[in-house]
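Engineer: One file is attached below, final05.pdb, containing PDB, C-alpha atoms.
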```
ATOM      1  CA  MET A   1      95.987 123.667 127.717
ATOM      2  CA  GLY A   2      98.626 122.173 125.496
ATOM      3  CA  PRO A   3     100.334 123.872 122.556
ATOM      4  CA  ASP A   4      98.014 126.100 120.535
ATOM      5  CA  VAL A   5      97.219 125.526 116.886
ATOM      6  CA  SER A   6     100.063 127.646 115.502
ATOM      7  CA  TRP A   7     102.578 125.080 116.775
ATOM      8  CA  TYR A   8     100.810 122.399 114.800
ATOM      9  CA  ILE A   9     100.729 124.604 111.699
ATOM     10  CA  VAL A  10     104.468 125.273 111.975
ATOM     11  CA  THR A  11     105.081 121.518 112.342
ATOM     12  CA  SER A  12     102.956 120.963 109.277
ATOM     13  CA  ALA A  13     104.951 123.599 107.336
ATOM     14  CA  PHE A  14     108.230 121.906 108.259
ATOM     15  CA  LEU A  15     106.848 118.518 107.257
ATOM     16  CA  PHE A  16     105.626 119.930 103.928
ATOM     17  CA  ALA A  17     109.071 121.412 103.253
ATOM     18  CA  VAL A  18     110.699 118.042 104.024
ATOM     19  CA  GLY A  19     108.328 116.337 101.582
ATOM     20  CA  ALA A  20     108.968 118.957  98.895
ATOM     21  CA  LEU A  21     112.701 118.522  99.379
ATOM     22  CA  GLY A  22     112.321 114.777  98.896
ATOM     23  CA  VAL A  23     110.296 115.219  95.700
ATOM     24  CA  LEU A  24     112.832 117.678  94.286
ATOM     25  CA  LEU A  25     116.037 115.916  95.328
ATOM     26  CA  ARG A  26     115.426 112.199  94.968
ATOM     27  CA  ARG A  27     115.568 110.378  91.649
ATOM     28  CA  ASN A  28     113.933 107.101  92.639
ATOM     29  CA  PRO A  29     110.183 107.250  91.786
ATOM     30  CA  LEU A  30     109.365 105.071  94.828
ATOM     31  CA  ILE A  31     110.903 107.621  97.177
ATOM     32  CA  VAL A  32     109.263 110.491  95.260
ATOM     33  CA  LEU A  33     105.905 108.804  95.968
ATOM     34  CA  LEU A  34     106.796 108.411  99.654
ATOM     35  CA  SER A  35     107.694 112.121  99.814
ATOM     36  CA  LEU A  36     104.357 112.990  98.189
ATOM     37  CA  GLU A  37     102.685 111.084 101.022
ATOM     38  CA  ILE A  38     104.591 113.250 103.531
ATOM     39  CA  MET A  39     103.311 116.409 101.820
ATOM     40  CA  LEU A  40      99.697 115.154 101.825
ATOM     41  CA  ASN A  41      99.988 114.287 105.507
ATOM     42  CA  ALA A  42     101.375 117.747 106.293
ATOM     43  CA  ALA A  43      98.265 119.247 104.685
ATOM     44  CA  ASN A  44      96.117 116.838 106.721
ATOM     45  CA  LEU A  45      97.799 117.987 109.936
ATOM     46  CA  ALA A  46      96.994 121.612 109.105
ATOM     47  CA  LEU A  47      93.367 120.716 108.320
ATOM     48  CA  ILE A  48      92.934 118.839 111.596
ATOM     49  CA  GLY A  49      94.699 121.582 113.563
ATOM     50  CA  PHE A  50      92.323 124.218 112.245
ATOM     51  CA  ALA A  51      89.367 121.865 112.779
ATOM     52  CA  ARG A  52      90.271 121.673 116.468
ATOM     53  CA  HIS A  53      90.886 125.418 116.674
ATOM     54  CA  LEU A  54      87.532 126.361 115.164
ATOM     55  CA  GLY A  55      85.618 123.498 116.808
ATOM     56  CA  GLU A  56      84.386 122.453 113.367
ATOM     57  CA  THR A  57      84.227 118.770 112.386
ATOM     58  CA  SER A  58      84.296 119.574 108.647
ATOM     59  CA  GLY A  59      88.093 119.856 108.742
ATOM     60  CA  GLN A  60      88.362 116.252 109.880
ATOM     61  CA  VAL A  61      86.008 115.213 107.086
ATOM     62  CA  PHE A  62      88.269 116.974 104.569
ATOM     63  CA  ALA A  63      91.237 115.117 106.050
ATOM     64  CA  LEU A  64      89.444 111.793 105.504
ATOM     65  CA  ALA A  65      88.710 112.768 101.882
ATOM     66  CA  VAL A  66      92.395 113.655 101.404
ATOM     67  CA  MET A  67      93.316 110.213 102.761
ATOM     68  CA  ALA A  68      91.058 108.524 100.189
ATOM     69  CA  VAL A  69      92.598 110.584  97.381
ATOM     70  CA  ALA A  70      96.095 109.740  98.663
ATOM     71  CA  ALA A  71      95.275 106.024  98.635
ATOM     72  CA  SER A  72      94.038 106.317  95.030
ATOM     73  CA  GLU A  73      97.176 108.205  94.053
ATOM     74  CA  VAL A  74      99.353 105.477  95.568
ATOM     75  CA  VAL A  75      97.482 102.790  93.611
ATOM     76  CA  VAL A  76      98.018 104.579  90.301
ATOM     77  CA  GLY A  77     101.627 105.534  91.088
ATOM     78  CA  LEU A  78     102.595 102.016  92.119
ATOM     79  CA  GLY A  79     100.815 100.649  89.035
ATOM     80  CA  LEU A  80     102.974 102.930  86.896
ATOM     81  CA  ILE A  81     106.129 101.785  88.680
ATOM     82  CA  VAL A  82     105.224  98.110  88.159
ATOM     83  CA  ALA A  83     104.522  98.818  84.472
ATOM     84  CA  LEU A  84     107.879 100.613  84.115
ATOM     85  CA  ASN A  85     109.658  97.715  85.752
ATOM     86  CA  ARG A  86     107.914  95.218  83.477
ATOM     87  CA  ASN A  87     108.977  97.123  80.361
ATOM     88  CA  ARG A  88     112.579  97.208  81.623
ATOM     89  CA  ILE A  89     112.621 100.984  81.929
ATOM     90  CA  PRO A  90     115.101 102.132  84.596
ATOM     91  CA  LEU A  91     113.502 103.491  87.774
ATOM     92  CA  ASP A  92     114.977 106.981  87.535
ATOM     93  CA  VAL A  93     112.791 110.045  87.104
ATOM     94  CA  ASP A  94     115.573 111.837  85.216
ATOM     95  CA  ARG A  95     115.554 109.179  82.512
ATOM     96  CA  LEU A  96     111.767 109.122  82.019
ATOM     97  CA  SER A  97     111.902 111.744  79.289
ATOM     98  CA  THR A  98     109.854 110.060  76.543
ATOM     99  CA  LEU A  99     106.979 112.533  76.900
ATOM    100  CA  ARG A 100     109.216 115.575  76.728
ATOM    101  CA  GLY A 101     107.792 118.040  74.209
TER     102      GLY A 101
ATOM    103  CA  MET B   1     100.750 119.091 135.554
ATOM    104  CA  GLY B   2      98.531 117.833 132.737
ATOM    105  CA  ASN B   3      99.663 120.879 130.811
ATOM    106  CA  VAL B   4     103.305 119.806 131.026
ATOM    107  CA  LEU B   5     102.388 116.255 130.021
ATOM    108  CA  VAL B   6     100.550 117.443 126.885
ATOM    109  CA  TRP B   7     103.524 119.625 125.932
ATOM    110  CA  ALA B   8     105.928 116.727 126.489
ATOM    111  CA  ILE B   9     103.861 114.410 124.284
ATOM    112  CA  TRP B  10     103.623 117.125 121.632
ATOM    113  CA  VAL B  11     107.400 117.693 121.606
ATOM    114  CA  VAL B  12     108.148 113.967 121.359
ATOM    115  CA  ALA B  13     105.588 113.420 118.585
ATOM    116  CA  ALA B  14     106.642 116.490 116.577
ATOM    117  CA  VAL B  15     110.348 115.625 116.802
ATOM    118  CA  ALA B  16     109.621 112.006 115.839
ATOM    119  CA  CYS B  17     107.485 113.246 112.961
ATOM    120  CA  LEU B  18     110.127 115.581 111.511
ATOM    121  CA  GLY B  19     113.009 113.168 112.223
ATOM    122  CA  SER B  20     111.334 110.254 110.486
ATOM    123  CA  GLY B  21     110.362 112.569 107.618
ATOM    124  CA  LEU B  22     114.014 113.484 107.136
ATOM    125  CA  ALA B  23     114.893 109.790 107.388
ATOM    126  CA  VAL B  24     112.438 109.007 104.547
ATOM    127  CA  ILE B  25     114.198 111.363 102.155
ATOM    128  CA  SER B  26     117.739 110.489 103.215
ATOM    129  CA  PHE B  27     117.820 106.662 103.238
ATOM    130  CA  SER B  28     119.303 105.290 100.043
ATOM    131  CA  ASN B  29     117.299 102.074 100.234
ATOM    132  CA  PRO B  30     113.562 102.567  99.469
ATOM    133  CA  PHE B  31     112.685  99.749 101.872
ATOM    134  CA  PHE B  32     114.081 101.675 104.856
ATOM    135  CA  SER B  33     112.413 104.840 103.580
ATOM    136  CA  ALA B  34     109.038 103.076 103.618
ATOM    137  CA  LEU B  35     109.667 101.834 107.179
ATOM    138  CA  ALA B  36     110.556 105.407 108.237
ATOM    139  CA  LEU B  37     107.318 106.635 106.660
ATOM    140  CA  ILE B  38     105.384 104.161 108.851
ATOM    141  CA  ALA B  39     107.034 105.753 111.915
ATOM    142  CA  ASN B  40     106.141 109.184 110.524
ATOM    143  CA  LEU B  41     102.479 108.186 110.132
ATOM    144  CA  ALA B  42     102.374 106.798 113.674
ATOM    145  CA  ALA B  43     103.805 110.055 115.078
ATOM    146  CA  LEU B  44     101.210 112.011 113.074
ATOM    147  CA  ALA B  45      98.469 109.828 114.552
ATOM    148  CA  VAL B  46      99.664 110.891 118.024
ATOM    149  CA  LEU B  47      99.415 114.554 116.965
ATOM    150  CA  TYR B  48      95.879 113.910 115.683
ATOM    151  CA  LEU B  49      94.963 112.408 119.063
ATOM    152  CA  LEU B  50      96.274 115.551 120.787
ATOM    153  CA  LEU B  51      93.973 117.556 118.482
ATOM    154  CA  SER B  52      91.049 115.320 119.633
ATOM    155  CA  ALA B  53      90.596 113.748 116.211
ATOM    156  CA  GLU B  54      90.251 110.179 117.474
ATOM    157  CA  PHE B  55      88.501 108.753 114.438
ATOM    158  CA  VAL B  56      90.952 110.293 111.963
ATOM    159  CA  ALA B  57      93.879 108.975 114.021
ATOM    160  CA  ALA B  58      92.418 105.460 113.946
ATOM    161  CA  ALA B  59      91.740 105.718 110.201
ATOM    162  CA  GLN B  60      95.285 106.979 109.675
ATOM    163  CA  VAL B  61      96.782 103.931 111.390
ATOM    164  CA  LEU B  62      94.430 101.485 109.664
ATOM    165  CA  VAL B  63      94.414 102.926 106.138
ATOM    166  CA  TYR B  64      97.919 104.348 105.871
ATOM    167  CA  ALA B  65     100.207 102.420 108.183
ATOM    168  CA  GLY B  66      98.173  99.279 107.542
ATOM    169  CA  ALA B  67      96.965  99.084 103.959
ATOM    170  CA  VAL B  68      98.862 101.664 101.912
ATOM    171  CA  MET B  69     102.289 100.987 103.378
ATOM    172  CA  VAL B  70     101.914  97.207 103.036
ATOM    173  CA  MET B  71     101.177  97.791  99.346
ATOM    174  CA  PHE B  72     104.260  99.984  99.119
ATOM    175  CA  LEU B  73     106.426  97.317 100.709
ATOM    176  CA  PHE B  74     105.062  94.668  98.320
ATOM    177  CA  VAL B  75     105.923  96.807  95.303
ATOM    178  CA  ILE B  76     109.400  97.610  96.658
ATOM    179  CA  ALA B  77     109.968  93.883  97.162
ATOM    180  CA  TYR B  78     108.669  93.219  93.631
ATOM    181  CA  VAL B  79     110.791  95.744  91.748
ATOM    182  CA  GLY B  80     113.786  95.131  93.996
ATOM    183  CA  SER B  81     115.136  97.991  96.069
ATOM    184  CA  HIS B  82     117.452  99.697  93.608
ATOM    185  CA  ALA B  83     119.659 101.689  95.919
ATOM    186  CA  ASP B  84     120.549 105.108  94.685
ATOM    187  CA  SER B  85     122.696 107.520  96.633
ATOM    188  CA  PRO B  86     120.639 109.834  98.851
ATOM    189  CA  LEU B  87     120.870 112.947  96.719
ATOM    190  CA  ALA B  88     121.643 111.334  93.400
ATOM    191  CA  GLY B  89     121.472 112.954  90.006
ATOM    192  CA  GLY B  90     121.628 116.420  88.589
ATOM    193  CA  PRO B  91     124.276 119.096  88.836
ATOM    194  CA  SER B  92     124.894 120.668  92.235
ATOM    195  CA  SER B  93     123.147 123.879  91.137
ATOM    196  CA  GLN B  94     119.946 121.858  90.696
ATOM    197  CA  ARG B  95     120.371 120.452  94.200
ATOM    198  CA  LEU B  96     120.918 123.940  95.637
ATOM    199  CA  ALA B  97     117.840 125.233  93.810
ATOM    200  CA  ALA B  98     115.748 122.389  95.261
ATOM    201  CA  ILE B  99     116.875 123.240  98.793
ATOM    202  CA  ILE B 100     116.134 126.947  98.238
ATOM    203  CA  ALA B 101     112.679 126.117  96.847
ATOM    204  CA  ALA B 102     111.774 123.933  99.844
ATOM    205  CA  GLY B 103     113.079 126.592 102.238
ATOM    206  CA  ALA B 104     111.016 129.227 100.428
ATOM    207  CA  ILE B 105     107.834 127.174 100.928
ATOM    208  CA  LEU B 106     108.613 126.901 104.641
ATOM    209  CA  VAL B 107     109.360 130.623 105.071
ATOM    210  CA  ASN B 108     106.261 131.474 103.051
ATOM    211  CA  VAL B 109     103.946 129.506 105.350
ATOM    212  CA  VAL B 110     105.548 130.748 108.558
ATOM    213  CA  VAL B 111     105.546 134.417 107.489
ATOM    214  CA  ALA B 112     101.967 134.217 106.231
ATOM    215  CA  LEU B 113     100.927 132.667 109.546
ATOM    216  CA  ALA B 114     102.733 135.334 111.573
ATOM    217  CA  LEU B 115     101.373 138.251 109.529
ATOM    218  CA  THR B 116      97.733 137.231 109.132
ATOM    219  CA  THR B 117      96.920 135.598 112.448
ATOM    220  CA  SER B 118      98.846 137.643 115.012
ATOM    221  CA  GLY B 119      97.447 136.568 118.363
ATOM    222  CA  ARG B 120      94.186 135.195 117.010
ATOM    223  CA  LEU B 121      95.208 131.547 117.195
ATOM    224  CA  GLU B 122      95.785 131.465 120.918
ATOM    225  CA  SER B 123      92.384 130.459 122.237
ATOM    226  CA  ALA B 124      90.898 127.344 120.725
ATOM    227  CA  ALA B 125      87.154 126.877 120.520
ATOM    228  CA  ASP B 126      85.414 124.923 123.258
ATOM    229  CA  THR B 127      84.488 121.489 122.041
ATOM    230  CA  GLY B 128      82.263 118.899 123.617
ATOM    231  CA  PRO B 129      83.460 115.411 124.526
ATOM    232  CA  SER B 130      81.973 113.982 121.313
ATOM    233  CA  PHE B 131      84.151 116.172 119.043
ATOM    234  CA  GLY B 132      85.988 113.947 116.574
ATOM    235  CA  SER B 133      84.157 110.781 117.589
ATOM    236  CA  PRO B 134      83.032 108.402 114.818
ATOM    237  CA  SER B 135      79.388 109.415 115.235
ATOM    238  CA  ASP B 136      80.261 113.114 114.985
ATOM    239  CA  VAL B 137      82.462 112.691 111.903
ATOM    240  CA  GLY B 138      80.001 110.296 110.286
ATOM    241  CA  GLU B 139      77.069 112.617 110.816
ATOM    242  CA  VAL B 140      78.863 115.585 109.235
ATOM    243  CA  PHE B 141      80.214 113.436 106.407
ATOM    244  CA  LEU B 142      76.818 111.976 105.506
ATOM    245  CA  THR B 143      74.792 115.178 105.842
ATOM    246  CA  ASN B 144      76.768 118.325 104.998
ATOM    247  CA  HIS B 145      79.347 116.631 102.793
ATOM    248  CA  LEU B 146      77.315 113.861 101.176
ATOM    249  CA  LEU B 147      78.418 114.870  97.662
ATOM    250  CA  ALA B 148      82.100 114.668  98.683
ATOM    251  CA  PHE B 149      81.410 111.209 100.140
ATOM    252  CA  GLU B 150      79.885 109.962  96.878
ATOM    253  CA  ILE B 151      82.663 111.524  94.780
ATOM    254  CA  THR B 152      85.249 109.825  97.019
ATOM    255  CA  SER B 153      83.697 106.459  96.224
ATOM    256  CA  ILE B 154      83.898 107.201  92.473
ATOM    257  CA  VAL B 155      87.544 108.306  92.818
ATOM    258  CA  LEU B 156      88.398 105.058  94.606
ATOM    259  CA  LEU B 157      86.574 102.994  91.956
ATOM    260  CA  VAL B 158      88.397 104.748  89.095
ATOM    261  CA  ALA B 159      91.736 104.321  90.891
ATOM    262  CA  ALA B 160      91.082 100.597  91.425
ATOM    263  CA  VAL B 161      90.244 100.116  87.726
ATOM    264  CA  GLY B 162      93.302 102.163  86.731
ATOM    265  CA  GLY B 163      95.540 100.123  89.021
ATOM    266  CA  VAL B 164      94.312  96.878  87.470
ATOM    267  CA  ILE B 165      94.796  98.194  83.919
ATOM    268  CA  LEU B 166      98.290  99.533  84.653
ATOM    269  CA  GLY B 167      99.356  96.421  86.487
ATOM    270  CA  SER B 168      97.902  93.776  84.192
ATOM    271  CA  GLU B 169     100.078  91.883  81.751
ATOM    272  CA  ARG B 170      99.255  92.995  78.231
ATOM    273  CA  GLU B 171     100.520  91.809  74.903
ATOM    274  CA  ARG B 172     102.877  94.394  73.643
ATOM    275  CA  ARG B 173     101.582  95.696  70.334
ATOM    276  CA  GLU B 174     104.477  95.972  67.984
ATOM    277  CA  PRO B 175     103.916  98.576  65.299
TER     278      PRO B 175
END
```
Would you mind giving the structure from this file in structure tokens?
Structural biologist:
Amino acid sequence: MGPDVSWYIVTSAFLFAVGALGVLLRRNPLIVLLSLEIMLNAANLALIGFARHLGETSGQVFALAVMAVAASEVVVGLGLIVALNRNRIPLDVDRLSTLRG
Amino acid sequence: MGNVLVWAIWVVAAVACLGSGLAVISFSNPFFSALALIANLAALAVLYLLLSAEFVAAAQVLVYAGAVMVMFLFVIAYVGSHADSPLAGGPSSQRLAAIIAAGAILVNVVVALALTTSGRLESAADTGPSFGSPSDVGEVFLTNHLLAFEITSIVLLVAAVGGVILGSERERREP
């Protein structure tokens, strides 16, 4: 027997915290998107860990669905970044304040 | 002996996973961050293999490290990697608050895990050799979760259309 599932869940919690830190600290939208990917993958690790623990394949199916949603999110996010770049808007999330209410 | 080997692989993969995650958020050049994320995804695939999720590990390498990250690298090359300093922007109180918030998430998960599952996570369920194989995952996906499968295809279609609309050159309408 290798490490039990709680080790994987703790790894996933650390990875989620790293991703959250990246989203909160960085100002470059490209790196914010990369940090979002880290957070999604941390959730995937927890799903697959519990799938193995419970002997239930549904967790792996959820992880695959999360992957598809993450790919869609990357397409839209990168499309936004390309559109920003084309309109000569600086790539800095602090300066994207046009929609501020 | 096999026990020790599994632990050793787990330690290496988990340390690589967290180290490359920290590298992603601390490189100032987005190009290096994307390369570190590829290493992170590869280490996660090893963890998935240890959890006997072979198909998900293969999909992770193909879809993420293959397709998604190549798209990322293309866009970084297109917009030019504007280097910003690792923790740029905002007053230092904002930075401190961000670190406290991320630490709070971590403590929250660990405490919740310790309080609610004391001792119940030690014995994993027995699984057959086909657990996590493509046929197993495919059967569950196309029977129990057929609606999720169909909705996933619609999500991907909408995202593809949205990507084309956002990325296409349009005449700017001047008011």
Engineer: Residues of chain B within 6 Å of chain A, using all atoms listed in the file, as a PDB file with C-alpha atoms, in the frame of the given file?
Structural biologist:
```
ATOM      1  CA  ASN B   3      99.663 120.879 130.811  1.00  0.00           C
ATOM      2  CA  VAL B   6     100.550 117.443 126.885  1.00  0.00           C
ATOM      3  CA  TRP B   7     103.524 119.625 125.932  1.00  0.00           C
ATOM      4  CA  ILE B  25     114.198 111.363 102.155  1.00  0.00           C
ATOM      5  CA  LEU B  51      93.973 117.556 118.482  1.00  0.00           C
ATOM      6  CA  LEU B  87     120.870 112.947  96.719  1.00  0.00           C
ATOM      7  CA  ALA B  98     115.748 122.389  95.261  1.00  0.00           C
ATOM      8  CA  ALA B 102     111.774 123.933  99.844  1.00  0.00           C
ATOM      9  CA  LEU B 106     108.613 126.901 104.641  1.00  0.00           C
ATOM     10  CA  GLU B 122      95.785 131.465 120.918  1.00  0.00           C
ATOM     11  CA  ALA B 124      90.898 127.344 120.725  1.00  0.00           C
ATOM     12  CA  ALA B 125      87.154 126.877 120.520  1.00  0.00           C
ATOM     13  CA  THR B 127      84.488 121.489 122.041  1.00  0.00           C
ATOM     14  CA  LEU B 156      88.398 105.058  94.606  1.00  0.00           C
ATOM     15  CA  ALA B 159      91.736 104.321  90.891  1.00  0.00           C
ATOM     16  CA  GLY B 163      95.540 100.123  89.021  1.00  0.00           C
ATOM     17  CA  LEU B 166      98.290  99.533  84.653  1.00  0.00           C
ATOM     18  CA  GLY B 167      99.356  96.421  86.487  1.00  0.00           C
TER      19      GLY B 167
END
```
Engineer: Run the PyMOL selection byres ((chain B and resi 32) around 12) on the file and write out the hits as a compact mmCIF listing (two decimals) with C-alpha atoms, in the frame of the given file.
Structural biologist:
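Written out: result_29.txt:
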```txt
# COMPACT_ATOMS: atom_id res chain seq x y z
CA LEU A 30 109.36 105.07 94.83
CA ILE A 31 110.90 107.62 97.18
CA LEU A 34 106.80 108.41 99.65
CA SER B 20 111.33 110.25 110.49
CA GLY B 21 110.36 112.57 107.62
CA ALA B 23 114.89 109.79 107.39
CA VAL B 24 112.44 109.01 104.55
CA ILE B 25 114.20 111.36 102.16
CA SER B 26 117.74 110.49 103.22
CA PHE B 27 117.82 106.66 103.24
CA SER B 28 119.30 105.29 100.04
CA ASN B 29 117.30 102.07 100.23
CA PRO B 30 113.56 102.57 99.47
CA PHE B 31 112.68 99.75 101.87
CA SER B 33 112.41 104.84 103.58
CA ALA B 34 109.04 103.08 103.62
CA LEU B 35 109.67 101.83 107.18
CA ALA B 36 110.56 105.41 108.24
CA LEU B 37 107.32 106.64 106.66
CA ILE B 38 105.38 104.16 108.85
CA ALA B 39 107.03 105.75 111.92
CA MET B 69 102.29 100.99 103.38
CA PHE B 72 104.26 99.98 99.12
CA LEU B 73 106.43 97.32 100.71
CA ILE B 76 109.40 97.61 96.66
CA ALA B 77 109.97 93.88 97.16
CA SER B 81 115.14 97.99 96.07
CA HIS B 82 117.45 99.70 93.61
CA ALA B 83 119.66 101.69 95.92
```
Engineer: Rounded to one decimal, what separation in Å do you get between CA of Ala42 (chain B) and CA of Leu62 (chain B)?
Structural biologist: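 Interatomic distance, CA of Ala42 (chain B) to CA of Leu62 (chain B): 10.4 Å.
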Engineer: Give me, please, the distance in Å between CA of Val15 (chain B) and CA of Ile100 (chain B), quoted to one decimal.
Structural biologist: 22.5 Å
Engineer: So what do you get for CA of Tyr64 (chain B) versus CA of Val46 (chain B), distance-wise?
Structural biologist: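 If I compute the distance from CA of Tyr64 (chain B) to CA of Val46 (chain B), I get 13.9 Å.
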Engineer: Which residues match the PyMOL selection byres ((chain B and resi 14) around 8) in the file above, as a VMD selection string?
Structural biologist: (chain A and resid 11) or (chain B and resid 10 to 13 15 to 18 43 to 44 47)
